$ cat my_file.pdb   # PDB, C-alpha atoms, pLDDT in the B column
ATOM      1  CA  MET A  75      40.795  39.504 180.496  1.00 69.00           C
ATOM      2  CA  SER A  76      38.105  39.049 182.979  1.00 83.00           C
ATOM      3  CA  LYS A  77      38.556  37.675 186.426  1.00 84.00           C
ATOM      4  CA  THR A  78      36.503  34.589 185.530  1.00 86.00           C
ATOM      5  CA  ALA A  79      38.715  33.826 182.557  1.00 84.00           C
ATOM      6  CA  LYS A  80      41.846  34.210 184.696  1.00 85.00           C
ATOM      7  CA  THR A  81      40.403  31.825 187.301  1.00 89.00           C
ATOM      8  CA  PHE A  82      39.496  29.399 184.557  1.00 86.00           C
ATOM      9  CA  PHE A  83      43.075  29.452 183.141  1.00 86.00           C
ATOM     10  CA  VAL A  84      44.589  29.013 186.607  1.00 88.00           C
ATOM     11  CA  ILE A  85      42.375  25.997 187.281  1.00 91.00           C
ATOM     12  CA  LEU A  86      43.168  24.617 183.823  1.00 90.00           C
ATOM     13  CA  PHE A  87      46.923  25.141 184.443  1.00 90.00           C
ATOM     14  CA  ILE A  88      46.654  23.344 187.813  1.00 93.00           C
ATOM     15  CA  LEU A  89      44.775  20.454 186.179  1.00 91.00           C
ATOM     16  CA  VAL A  90      47.436  20.151 183.441  1.00 92.00           C
ATOM     17  CA  LEU A  91      50.203  20.100 186.096  1.00 92.00           C
ATOM     18  CA  VAL A  92      48.312  17.440 188.114  1.00 92.00           C
ATOM     19  CA  SER A  93      47.805  15.382 184.930  1.00 92.00           C
ATOM     20  CA  LEU A  94      51.503  15.634 184.034  1.00 92.00           C
ATOM     21  CA  GLY A  95      52.418  14.664 187.613  1.00 92.00           C
ATOM     22  CA  LEU A  96      50.094  11.638 187.512  1.00 93.00           C
ATOM     23  CA  ASN A  97      51.466  10.585 184.109  1.00 93.00           C
ATOM     24  CA  GLY A  98      55.012  10.877 185.424  1.00 93.00           C
ATOM     25  CA  PHE A  99      54.080   8.861 188.505  1.00 93.00           C
ATOM     26  CA  LEU A 100      52.440   6.157 186.331  1.00 94.00           C
ATOM     27  CA  LEU A 101      55.513   5.997 184.063  1.00 93.00           C
ATOM     28  CA  TRP A 102      57.777   5.695 187.120  1.00 92.00           C
ATOM     29  CA  LYS A 103      55.561   2.878 188.567  1.00 92.00           C
ATOM     30  CA  LEU A 104      55.439   1.131 185.180  1.00 92.00           C
ATOM     31  CA  ASN A 105      59.232   1.316 184.918  1.00 89.00           C
ATOM     32  CA  GLN A 106      59.561  -0.001 188.488  1.00 90.00           C
ATOM     33  CA  THR A 107      57.146  -2.891 187.693  1.00 87.00           C
ATOM     34  CA  GLU A 108      59.115  -3.679 184.527  1.00 82.00           C
ATOM     35  CA  GLN A 109      62.363  -3.787 186.546  1.00 83.00           C
ATOM     36  CA  GLN A 110      60.721  -6.133 189.069  1.00 83.00           C
ATOM     37  CA  ALA A 111      59.496  -8.375 186.225  1.00 77.00           C
ATOM     38  CA  ARG A 112      63.022  -8.495 184.768  1.00 77.00           C
ATOM     39  CA  THR A 113      64.442  -9.361 188.193  1.00 80.00           C
ATOM     40  CA  ILE A 114      61.859 -12.098 188.645  1.00 76.00           C
ATOM     41  CA  ALA A 115      62.562 -13.402 185.126  1.00 74.00           C
ATOM     42  CA  ARG A 116      66.312 -13.557 185.845  1.00 76.00           C
ATOM     43  CA  THR A 117      65.752 -15.228 189.203  1.00 79.00           C
ATOM     44  CA  VAL A 118      62.842 -17.555 188.480  1.00 77.00           C
ATOM     45  CA  GLY A 119      63.299 -18.112 184.740  1.00 75.00           C
ATOM     46  CA  PRO A 120      66.180 -20.610 184.929  1.00 79.00           C
ATOM     47  CA  LYS A 121      64.370 -22.528 187.667  1.00 81.00           C
ATOM     48  CA  VAL A 122      61.213 -22.692 185.564  1.00 79.00           C
ATOM     49  CA  GLN A 123      63.221 -23.891 182.554  1.00 80.00           C
ATOM     50  CA  GLU A 124      64.973 -26.513 184.682  1.00 85.00           C
ATOM     51  CA  ALA A 125      61.636 -27.663 186.154  1.00 84.00           C
ATOM     52  CA  LEU A 126      60.161 -27.877 182.642  1.00 82.00           C
ATOM     53  CA  LYS A 127      63.075 -29.993 181.395  1.00 86.00           C
ATOM     54  CA  GLN A 128      62.805 -32.247 184.479  1.00 88.00           C
ATOM     55  CA  THR A 129      59.050 -32.578 183.917  1.00 87.00           C
ATOM     56  CA  LEU A 130      59.641 -33.625 180.300  1.00 85.00           C
ATOM     57  CA  THR A 131      62.190 -36.215 181.432  1.00 87.00           C
ATOM     58  CA  ASP A 132      59.852 -37.496 184.168  1.00 86.00           C
ATOM     59  CA  LEU A 133      56.945 -37.795 181.720  1.00 84.00           C
ATOM     60  CA  GLU A 134      59.114 -39.756 179.284  1.00 85.00           C
ATOM     61  CA  THR A 135      60.261 -42.061 182.089  1.00 86.00           C
ATOM     62  CA  PHE A 136      56.672 -42.522 183.296  1.00 85.00           C
ATOM     63  CA  GLU A 137      55.507 -43.324 179.758  1.00 84.00           C
ATOM     64  CA  ASP A 138      58.041 -46.190 179.623  1.00 84.00           C
ATOM     65  CA  SER A 139      57.397 -47.403 183.184  1.00 87.00           C
ATOM     66  CA  THR A 140      55.548 -50.380 184.640  1.00 87.00           C
ATOM     67  CA  ILE A 141      53.154 -50.217 187.565  1.00 87.00           C
ATOM     68  CA  GLU A 142      52.977 -53.307 189.760  1.00 89.00           C
ATOM     69  CA  PHE A 143      50.520 -53.792 192.592  1.00 87.00           C
ATOM     70  CA  ASN A 144      48.527 -56.510 194.355  1.00 90.00           C
ATOM     71  CA  VAL A 145      44.758 -56.690 194.532  1.00 88.00           C
ATOM     72  CA  ALA A 146      43.470 -58.432 197.648  1.00 89.00           C
ATOM     73  CA  VAL A 147      40.479 -60.668 196.932  1.00 85.00           C
ATOM     74  CA  ASP A 148      38.476 -61.552 200.028  1.00 88.00           C
ATOM     75  CA  GLU A 149      35.132 -62.791 198.738  1.00 88.00           C
ATOM     76  CA  GLU A 150      32.754 -65.696 199.062  1.00 88.00           C
ATOM     77  CA  PHE A 151      31.555 -67.110 195.773  1.00 82.00           C
ATOM     78  CA  PRO A 152      28.225 -68.924 195.769  1.00 88.00           C
ATOM     79  CA  VAL A 153      28.248 -72.253 193.947  1.00 86.00           C
ATOM     80  CA  GLN A 154      25.027 -73.901 192.862  1.00 89.00           C
ATOM     81  CA  VAL A 155      25.424 -76.844 190.533  1.00 89.00           C
ATOM     82  CA  ASP A 156      23.693 -80.132 189.729  1.00 89.00           C
ATOM     83  CA  ILE A 157      26.127 -82.985 189.157  1.00 88.00           C
ATOM     84  CA  PRO A 158      24.739 -85.945 187.228  1.00 88.00           C
ATOM     85  CA  PHE A 159      25.944 -89.248 188.634  1.00 83.00           C
ATOM     86  CA  LYS A 160      25.379 -92.319 186.476  1.00 86.00           C
ATOM     87  CA  GLU A 161      27.224 -95.476 187.470  1.00 87.00           C
ATOM     88  CA  LYS A 162      26.753 -99.219 187.333  1.00 89.00           C
ATOM     89  CA  ILE A 163      28.311-101.086 190.242  1.00 87.00           C
ATOM     90  CA  ASP A 164      28.617-104.865 190.603  1.00 87.00           C
ATOM     91  CA  ILE A 165      28.337-105.831 194.241  1.00 86.00           C
ATOM     92  CA  PRO A 166      29.821-109.280 194.949  1.00 89.00           C
ATOM     93  CA  VAL A 167      27.784-111.487 197.283  1.00 85.00           C
ATOM     94  CA  GLN A 168      29.451-114.499 198.918  1.00 88.00           C
ATOM     95  CA  LEU A 169      27.615-116.155 201.721  1.00 86.00           C
ATOM     96  CA  THR A 170      26.207-119.431 202.953  1.00 88.00           C
ATOM     97  CA  VAL A 171      22.513-119.641 203.813  1.00 85.00           C
ATOM     98  CA  PRO A 172      21.717-122.322 206.395  1.00 89.00           C
ATOM     99  CA  ILE A 173      18.297-123.974 206.137  1.00 86.00           C
ATOM    100  CA  ASN A 174      17.190-125.955 209.163  1.00 88.00           C
ATOM    101  CA  GLN A 175      13.528-126.743 208.723  1.00 87.00           C
ATOM    102  CA  GLN A 176      11.010-129.545 209.142  1.00 88.00           C
ATOM    103  CA  ILE A 177       8.579-129.935 206.300  1.00 86.00           C
ATOM    104  CA  ASP A 178       5.234-131.713 206.819  1.00 86.00           C
ATOM    105  CA  THR A 179       4.063-133.420 203.637  1.00 86.00           C
ATOM    106  CA  THR A 180       1.898-136.281 202.396  1.00 84.00           C
ATOM    107  CA  ILE A 181       3.301-138.972 200.158  1.00 81.00           C
ATOM    108  CA  LEU A 182       1.550-141.842 198.309  1.00 78.00           C
ATOM    109  CA  LEU A 183       2.933-145.234 199.125  1.00 78.00           C
ATOM    110  CA  ASP A 184       2.431-148.053 196.638  1.00 77.00           C
ATOM    111  CA  PRO A 185       4.558-150.914 197.929  1.00 72.00           C
ATOM    112  CA  LEU A 186       3.070-153.449 195.532  1.00 72.00           C
ATOM    113  CA  GLY A 187       3.258-151.267 192.474  1.00 72.00           C
ATOM    114  CA  THR A 188      -0.444-151.565 191.708  1.00 76.00           C
ATOM    115  CA  GLY A 189      -0.917-147.948 190.991  1.00 72.00           C
ATOM    116  CA  GLN A 190      -3.149-147.683 194.034  1.00 76.00           C
ATOM    117  CA  GLY A 191      -1.257-146.149 196.864  1.00 76.00           C
ATOM    118  CA  PHE A 192      -2.316-144.889 200.177  1.00 77.00           C
ATOM    119  CA  PRO A 193      -1.373-141.499 201.581  1.00 80.00           C
ATOM    120  CA  VAL A 194       1.019-141.262 204.478  1.00 79.00           C
ATOM    121  CA  ASP A 195       1.765-138.012 206.413  1.00 84.00           C
ATOM    122  CA  VAL A 196       5.460-137.598 206.861  1.00 85.00           C
ATOM    123  CA  THR A 197       7.671-134.935 208.537  1.00 86.00           C
ATOM    124  CA  VAL A 198      10.889-134.450 206.594  1.00 84.00           C
ATOM    125  CA  PRO A 199      13.780-132.713 208.394  1.00 87.00           C
ATOM    126  CA  VAL A 200      15.830-130.389 206.128  1.00 85.00           C
ATOM    127  CA  ASP A 201      19.251-129.360 207.458  1.00 85.00           C
ATOM    128  CA  ILE A 202      21.435-127.991 204.667  1.00 88.00           C
ATOM    129  CA  GLU A 203      23.680-125.012 203.856  1.00 87.00           C
ATOM    130  CA  ILE A 204      23.316-123.377 200.472  1.00 86.00           C
ATOM    131  CA  PRO A 205      26.450-121.502 199.267  1.00 88.00           C
ATOM    132  CA  ILE A 206      25.743-118.298 197.280  1.00 87.00           C
ATOM    133  CA  ASP A 207      28.552-116.779 195.175  1.00 86.00           C
ATOM    134  CA  THR A 208      27.262-114.163 192.729  1.00 87.00           C
ATOM    135  CA  SER A 209      27.422-110.480 191.707  1.00 88.00           C
ATOM    136  CA  ILE A 210      24.444-108.186 191.888  1.00 87.00           C
ATOM    137  CA  PRO A 211      24.517-105.277 189.404  1.00 88.00           C
ATOM    138  CA  VAL A 212      23.290-102.017 190.951  1.00 85.00           C
ATOM    139  CA  ALA A 213      22.594 -99.081 188.609  1.00 86.00           C
ATOM    140  CA  ILE A 214      22.804 -95.602 190.126  1.00 85.00           C
ATOM    141  CA  ASP A 215      21.326 -92.763 188.073  1.00 86.00           C
ATOM    142  CA  ARG A 216      20.994 -89.593 190.155  1.00 87.00           C
ATOM    143  CA  THR A 217      21.566 -85.866 189.993  1.00 88.00           C
ATOM    144  CA  ILE A 218      23.287 -84.525 193.076  1.00 86.00           C
ATOM    145  CA  PRO A 219      22.538 -80.852 193.815  1.00 88.00           C
ATOM    146  CA  ILE A 220      25.377 -78.888 195.408  1.00 88.00           C
ATOM    147  CA  SER A 221      24.731 -75.472 196.924  1.00 88.00           C
ATOM    148  CA  THR A 222      27.545 -73.877 198.900  1.00 89.00           C
ATOM    149  CA  SER A 223      29.777 -70.823 199.197  1.00 88.00           C
ATOM    150  CA  ILE A 224      33.488 -71.007 198.576  1.00 86.00           C
ATOM    151  CA  PRO A 225      35.602 -68.489 200.513  1.00 88.00           C
ATOM    152  CA  LEU A 226      38.369 -67.035 198.368  1.00 84.00           C
ATOM    153  CA  HIS A 227      41.256 -65.229 200.070  1.00 87.00           C
ATOM    154  CA  LEU A 228      44.185 -64.356 197.831  1.00 88.00           C
ATOM    155  CA  ASN A 229      46.377 -61.567 196.478  1.00 89.00           C
ATOM    156  CA  VAL A 230      46.346 -61.138 192.712  1.00 88.00           C
ATOM    157  CA  PRO A 231      49.513 -59.491 191.346  1.00 91.00           C
ATOM    158  CA  ILE A 232      48.776 -56.990 188.568  1.00 89.00           C
ATOM    159  CA  THR A 233      51.351 -55.493 186.219  1.00 89.00           C
ATOM    160  CA  VAL A 234      50.439 -52.554 183.967  1.00 87.00           C
ATOM    161  CA  GLU A 235      52.772 -51.383 181.200  1.00 88.00           C
ATOM    162  CA  ILE A 236      51.974 -47.663 180.875  1.00 84.00           C
ATOM    163  CA  GLY A 237      53.123 -47.684 177.240  1.00 83.00           C
ATOM    164  CA  ASP A 238      50.437 -50.286 176.410  1.00 85.00           C
ATOM    165  CA  THR A 239      47.555 -48.246 177.858  1.00 84.00           C
ATOM    166  CA  GLU A 240      45.556 -45.263 176.597  1.00 86.00           C
ATOM    167  CA  LEU A 241      47.344 -43.179 179.237  1.00 83.00           C
ATOM    168  CA  ALA A 242      50.501 -43.308 177.106  1.00 83.00           C
ATOM    169  CA  GLY A 243      48.784 -41.246 174.379  1.00 84.00           C
ATOM    170  CA  TYR A 244      47.733 -38.575 176.865  1.00 86.00           C
ATOM    171  CA  ILE A 245      51.222 -38.438 178.370  1.00 85.00           C
ATOM    172  CA  GLY A 246      52.760 -38.158 174.886  1.00 85.00           C
ATOM    173  CA  ARG A 247      50.488 -35.254 173.962  1.00 86.00           C
ATOM    174  CA  LEU A 248      51.228 -33.504 177.279  1.00 85.00           C
ATOM    175  CA  ARG A 249      54.959 -33.993 176.738  1.00 84.00           C
ATOM    176  CA  GLU A 250      54.721 -32.580 173.184  1.00 85.00           C
ATOM    177  CA  GLY A 251      52.745 -29.563 174.437  1.00 84.00           C
ATOM    178  CA  LEU A 252      55.308 -28.821 177.142  1.00 82.00           C
ATOM    179  CA  ALA A 253      58.169 -29.293 174.655  1.00 84.00           C
ATOM    180  CA  ALA A 254      56.485 -26.751 172.334  1.00 83.00           C
ATOM    181  CA  PHE A 255      56.186 -24.336 175.286  1.00 79.00           C
ATOM    182  CA  ASP A 256      59.956 -24.514 176.006  1.00 78.00           C
ATOM    183  CA  PRO A 257      61.070 -22.266 173.063  1.00 81.00           C
ATOM    184  CA  LEU A 258      58.324 -19.742 173.866  1.00 77.00           C
ATOM    185  CA  LEU A 259      59.518 -19.584 177.474  1.00 76.00           C
ATOM    186  CA  GLU A 260      63.120 -19.192 176.290  1.00 77.00           C
ATOM    187  CA  GLN A 261      62.115 -16.303 173.984  1.00 76.00           C
ATOM    188  CA  LEU A 262      60.091 -14.591 176.734  1.00 74.00           C
ATOM    189  CA  LEU A 263      62.950 -14.859 179.224  1.00 72.00           C
ATOM    190  CA  THR A 264      65.445 -13.531 176.660  1.00 73.00           C
ATOM    191  CA  GLU A 265      63.240 -10.491 175.992  1.00 71.00           C
ATOM    192  CA  LEU A 266      62.888  -9.764 179.712  1.00 67.00           C
ATOM    193  CA  LYS A 267      66.640  -9.878 180.431  1.00 64.00           C
TER
END
$ encode --input "my_file.pdb" --output "structure tokens"
Amino acid sequence: MSKTAKTFFVILFILVLVSLGLNGFLLWKLNQTEQQARTIARTVGPKVQEALKQTLTDLETFEDSTIEFNVAVDEEFPVQVDIPFKEKIDIPVQLTVPINQQIDTTILLDPLGTGQGFPVDVTVPVDIEIPIDTSIPVAIDRTIPISTSIPLHLNVPITVEIGDTELAGYIGRLREGLAAFDPLLEQLLTELK
């Protein structure tokens, strides 16, 4: 066998030994990783299962719960309206009107009754009081425009039944998905123990 062939076999032998060593090292690391995974599964697995069960219970409780809160309203609402006003009012009038006047007039005097009289200028004093007792109907037919802003400051209580909203459907589907995951988690943890 030539020297080149011997060198080639020595190098090949060294490469096979290195490959076997690397394979052994990888198997040892894989076994160590598997042991760590089993340790983590034993340590963390029950806590994950407990958290999953608590989450399912919390979701069920939330689905049946009621949310109550107050909404503060602090707004000004503009109001513009025309109010028709049609009314008939009787206004009573009670008063006395004094008349104190002198009236200048001409009268025909016919003392003999002949039908031929002569005119005489006379001043007639008038001093009287005229009582007035009546009602005056007053019709009012108007449109009254009102333009203002009304400040509104209040707290509006709001109650939301979660079961009556669309959120209940989403929560139910989430709960069902997590409940379906529980047996898979149990199987995985059993296999890792």
$ residues_around --input "my_file.pdb" --residues "Phe136 (chain A)" --least-positions-apart "6" --cutoff "9 Å" --atoms "all atoms listed in the file" --output "ChimeraX atom specification"
/A:236-237,242,245
$ resolve_selection --input "my_file.pdb" --expression "the PyMOL selection byres ((chain A and resi 141-157) around 8)" --output "PyMOL selection string"
chain A and resi 139-140+158-159+217-236
$ atom_distance --input "my_file.pdb" --atom1 "CA of Thr179 (chain A)" --atom2 "CA of Asp201 (chain A)"
16.2 Å
$ residues_around --input "my_file.pdb" --residues "Gly119 (chain A)" --least-positions-apart "2" --cutoff "10 Å" --atoms "only C-alpha atoms" --output "JSON list (two decimals) with C-alpha atoms, in the frame of the given file"
[["chain", "number", "residue", "atom", "x", "y", "z"],
["A", 112, "ARG", "CA", 63.02, -8.49, 184.77],
["A", 113, "THR", "CA", 64.44, -9.36, 188.19],
["A", 114, "ILE", "CA", 61.86, -12.10, 188.64],
["A", 115, "ALA", "CA", 62.56, -13.40, 185.13],
["A", 116, "ARG", "CA", 66.31, -13.56, 185.84],
["A", 117, "THR", "CA", 65.75, -15.23, 189.20],
["A", 121, "LYS", "CA", 64.37, -22.53, 187.67],
["A", 122, "VAL", "CA", 61.21, -22.69, 185.56],
["A", 123, "GLN", "CA", 63.22, -23.89, 182.55],
["A", 124, "GLU", "CA", 64.97, -26.51, 184.68],
["A", 125, "ALA", "CA", 61.64, -27.66, 186.15],
["A", 259, "LEU", "CA", 59.52, -19.58, 177.47],
["A", 260, "GLU", "CA", 63.12, -19.19, 176.29],
["A", 262, "LEU", "CA", 60.09, -14.59, 176.73],
["A", 263, "LEU", "CA", 62.95, -14.86, 179.22],
["A", 264, "THR", "CA", 65.44, -13.53, 176.66],
["A", 266, "LEU", "CA", 62.89, -9.76, 179.71],
["A", 267, "LYS", "CA", 66.64, -9.88, 180.43]]
$ axis_aligned_box --input "my_file.pdb" --around "region 158-176 of chain A" --padding-each-side "3 Å" --output "lines of an AutoDock Vina configuration file"
center_x = 20.4
center_y = -107.7
center_z = 197.8
size_x = 24.8
size_y = 49.6
size_z = 28.7
$ closest_residue --input "my_file.pdb" --among "A:Val90, A:Ile181, A:Pro166, A:Asp238" --to "Val212 (chain A)" --atoms "all atoms listed in the file"
A:Pro166
$ decode --input "my_file.pdb" --residues "region 135-226 of chain A" --atoms "C-alpha atoms" --output "PDB file, in the first residue's frame"
ATOM      1  CA  THR A 135     -68.025  33.849  35.513  1.00  0.00           C
ATOM      2  CA  PHE A 136     -67.331  36.789  33.184  1.00  0.00           C
ATOM      3  CA  GLU A 137     -69.854  35.474  30.651  1.00  0.00           C
ATOM      4  CA  ASP A 138     -72.553  35.559  33.364  1.00  0.00           C
ATOM      5  CA  SER A 139     -71.471  38.910  34.837  1.00  0.00           C
ATOM      6  CA  THR A 140     -72.888  42.425  34.662  1.00  0.00           C
ATOM      7  CA  ILE A 141     -70.846  45.550  34.040  1.00  0.00           C
ATOM      8  CA  GLU A 142     -72.120  48.735  35.660  1.00  0.00           C
ATOM      9  CA  PHE A 143     -70.655  52.172  35.086  1.00  0.00           C
ATOM     10  CA  ASN A 144     -71.671  55.832  34.881  1.00  0.00           C
ATOM     11  CA  VAL A 145     -71.308  58.034  31.833  1.00  0.00           C
ATOM     12  CA  ALA A 146     -70.840  61.706  32.665  1.00  0.00           C
ATOM     13  CA  VAL A 147     -72.748  63.988  30.297  1.00  0.00           C
ATOM     14  CA  ASP A 148     -71.510  67.572  30.324  1.00  0.00           C
ATOM     15  CA  GLU A 149     -72.887  69.132  27.153  1.00  0.00           C
ATOM     16  CA  GLU A 150     -74.825  72.136  25.962  1.00  0.00           C
ATOM     17  CA  PHE A 151     -77.706  71.326  23.659  1.00  0.00           C
ATOM     18  CA  PRO A 152     -78.831  74.038  21.259  1.00  0.00           C
ATOM     19  CA  VAL A 153     -82.587  74.570  21.135  1.00  0.00           C
ATOM     20  CA  GLN A 154     -84.197  76.418  18.261  1.00  0.00           C
ATOM     21  CA  VAL A 155     -87.963  76.213  18.116  1.00  0.00           C
ATOM     22  CA  ASP A 156     -90.920  78.326  17.003  1.00  0.00           C
ATOM     23  CA  ILE A 157     -93.844  78.167  19.415  1.00  0.00           C
ATOM     24  CA  PRO A 158     -97.204  79.178  17.967  1.00  0.00           C
ATOM     25  CA  PHE A 159     -99.248  81.222  20.413  1.00  0.00           C
ATOM     26  CA  LYS A 160    -102.918  81.705  19.570  1.00  0.00           C
ATOM     27  CA  GLU A 161    -105.144  83.060  22.321  1.00  0.00           C
ATOM     28  CA  LYS A 162    -108.235  85.193  22.699  1.00  0.00           C
ATOM     29  CA  ILE A 163    -108.296  87.293  25.855  1.00  0.00           C
ATOM     30  CA  ASP A 164    -111.221  89.367  27.139  1.00  0.00           C
ATOM     31  CA  ILE A 165    -109.932  92.446  28.901  1.00  0.00           C
ATOM     32  CA  PRO A 166    -112.519  93.954  31.274  1.00  0.00           C
ATOM     33  CA  VAL A 167    -112.790  97.748  31.196  1.00  0.00           C
ATOM     34  CA  GLN A 168    -114.517  99.546  34.078  1.00  0.00           C
ATOM     35  CA  LEU A 169    -114.095 103.255  34.275  1.00  0.00           C
ATOM     36  CA  THR A 170    -115.931 106.547  34.429  1.00  0.00           C
ATOM     37  CA  VAL A 171    -115.216 109.179  31.784  1.00  0.00           C
ATOM     38  CA  PRO A 172    -115.871 112.733  32.981  1.00  0.00           C
ATOM     39  CA  ILE A 173    -116.996 115.238  30.345  1.00  0.00           C
ATOM     40  CA  ASN A 174    -116.794 118.882  31.339  1.00  0.00           C
ATOM     41  CA  GLN A 175    -117.288 120.936  28.215  1.00  0.00           C
ATOM     42  CA  GLN A 176    -119.073 124.024  26.929  1.00  0.00           C
ATOM     43  CA  ILE A 177    -120.729 123.621  23.577  1.00  0.00           C
ATOM     44  CA  ASP A 178    -121.529 126.669  21.413  1.00  0.00           C
ATOM     45  CA  THR A 179    -124.591 126.071  19.253  1.00  0.00           C
ATOM     46  CA  THR A 180    -127.398 127.897  17.464  1.00  0.00           C
ATOM     47  CA  ILE A 181    -131.016 127.088  18.155  1.00  0.00           C
ATOM     48  CA  LEU A 182    -134.217 128.296  16.419  1.00  0.00           C
ATOM     49  CA  LEU A 183    -136.687 129.901  18.746  1.00  0.00           C
ATOM     50  CA  ASP A 184    -140.342 129.999  17.740  1.00  0.00           C
ATOM     51  CA  PRO A 185    -142.190 131.246  20.807  1.00  0.00           C
ATOM     52  CA  LEU A 186    -145.453 131.774  18.949  1.00  0.00           C
ATOM     53  CA  GLY A 187    -145.410 128.488  17.120  1.00  0.00           C
ATOM     54  CA  THR A 188    -145.682 130.088  13.693  1.00  0.00           C
ATOM     55  CA  GLY A 189    -143.072 127.951  12.131  1.00  0.00           C
ATOM     56  CA  GLN A 190    -140.898 131.014  11.680  1.00  0.00           C
ATOM     57  CA  GLY A 191    -138.253 131.089  14.316  1.00  0.00           C
ATOM     58  CA  PHE A 192    -135.239 133.188  14.762  1.00  0.00           C
ATOM     59  CA  PRO A 193    -131.775 131.836  15.482  1.00  0.00           C
ATOM     60  CA  VAL A 194    -130.209 132.377  18.862  1.00  0.00           C
ATOM     61  CA  ASP A 195    -126.538 131.555  19.708  1.00  0.00           C
ATOM     62  CA  VAL A 196    -126.349 129.684  22.946  1.00  0.00           C
ATOM     63  CA  THR A 197    -123.465 128.228  25.031  1.00  0.00           C
ATOM     64  CA  VAL A 198    -124.513 124.981  26.682  1.00  0.00           C
ATOM     65  CA  PRO A 199    -122.391 123.736  29.609  1.00  0.00           C
ATOM     66  CA  VAL A 200    -121.987 119.920  29.704  1.00  0.00           C
ATOM     67  CA  ASP A 201    -120.767 118.458  33.006  1.00  0.00           C
ATOM     68  CA  ILE A 202    -121.456 114.725  33.172  1.00  0.00           C
ATOM     69  CA  GLU A 203    -119.718 111.428  33.997  1.00  0.00           C
ATOM     70  CA  ILE A 204    -120.246 108.504  31.666  1.00  0.00           C
ATOM     71  CA  PRO A 205    -119.730 105.059  33.295  1.00  0.00           C
ATOM     72  CA  ILE A 206    -118.148 102.418  31.006  1.00  0.00           C
ATOM     73  CA  ASP A 207    -118.396  98.733  32.000  1.00  0.00           C
ATOM     74  CA  THR A 208    -117.491  96.406  29.128  1.00  0.00           C
ATOM     75  CA  SER A 209    -115.067  93.696  27.935  1.00  0.00           C
ATOM     76  CA  ILE A 210    -112.762  94.176  24.999  1.00  0.00           C
ATOM     77  CA  PRO A 211    -111.787  90.949  23.191  1.00  0.00           C
ATOM     78  CA  VAL A 212    -108.112  90.905  22.181  1.00  0.00           C
ATOM     79  CA  ALA A 213    -106.951  88.164  19.788  1.00  0.00           C
ATOM     80  CA  ILE A 214    -103.270  87.226  19.926  1.00  0.00           C
ATOM     81  CA  ASP A 215    -101.940  85.141  17.037  1.00  0.00           C
ATOM     82  CA  ARG A 216     -98.135  85.028  17.064  1.00  0.00           C
ATOM     83  CA  THR A 217     -95.236  82.651  16.630  1.00  0.00           C
ATOM     84  CA  ILE A 218     -92.588  83.087  19.288  1.00  0.00           C
ATOM     85  CA  PRO A 219     -89.083  82.035  18.193  1.00  0.00           C
ATOM     86  CA  ILE A 220     -86.886  80.560  20.923  1.00  0.00           C
ATOM     87  CA  SER A 221     -83.163  80.107  20.353  1.00  0.00           C
ATOM     88  CA  THR A 222     -81.050  79.095  23.332  1.00  0.00           C
ATOM     89  CA  SER A 223     -78.625  76.503  24.672  1.00  0.00           C
ATOM     90  CA  ILE A 224     -79.529  74.229  27.536  1.00  0.00           C
ATOM     91  CA  PRO A 225     -76.606  73.074  29.699  1.00  0.00           C
ATOM     92  CA  LEU A 226     -76.924  69.418  30.654  1.00  0.00           C
TER      93      LEU A 226
END
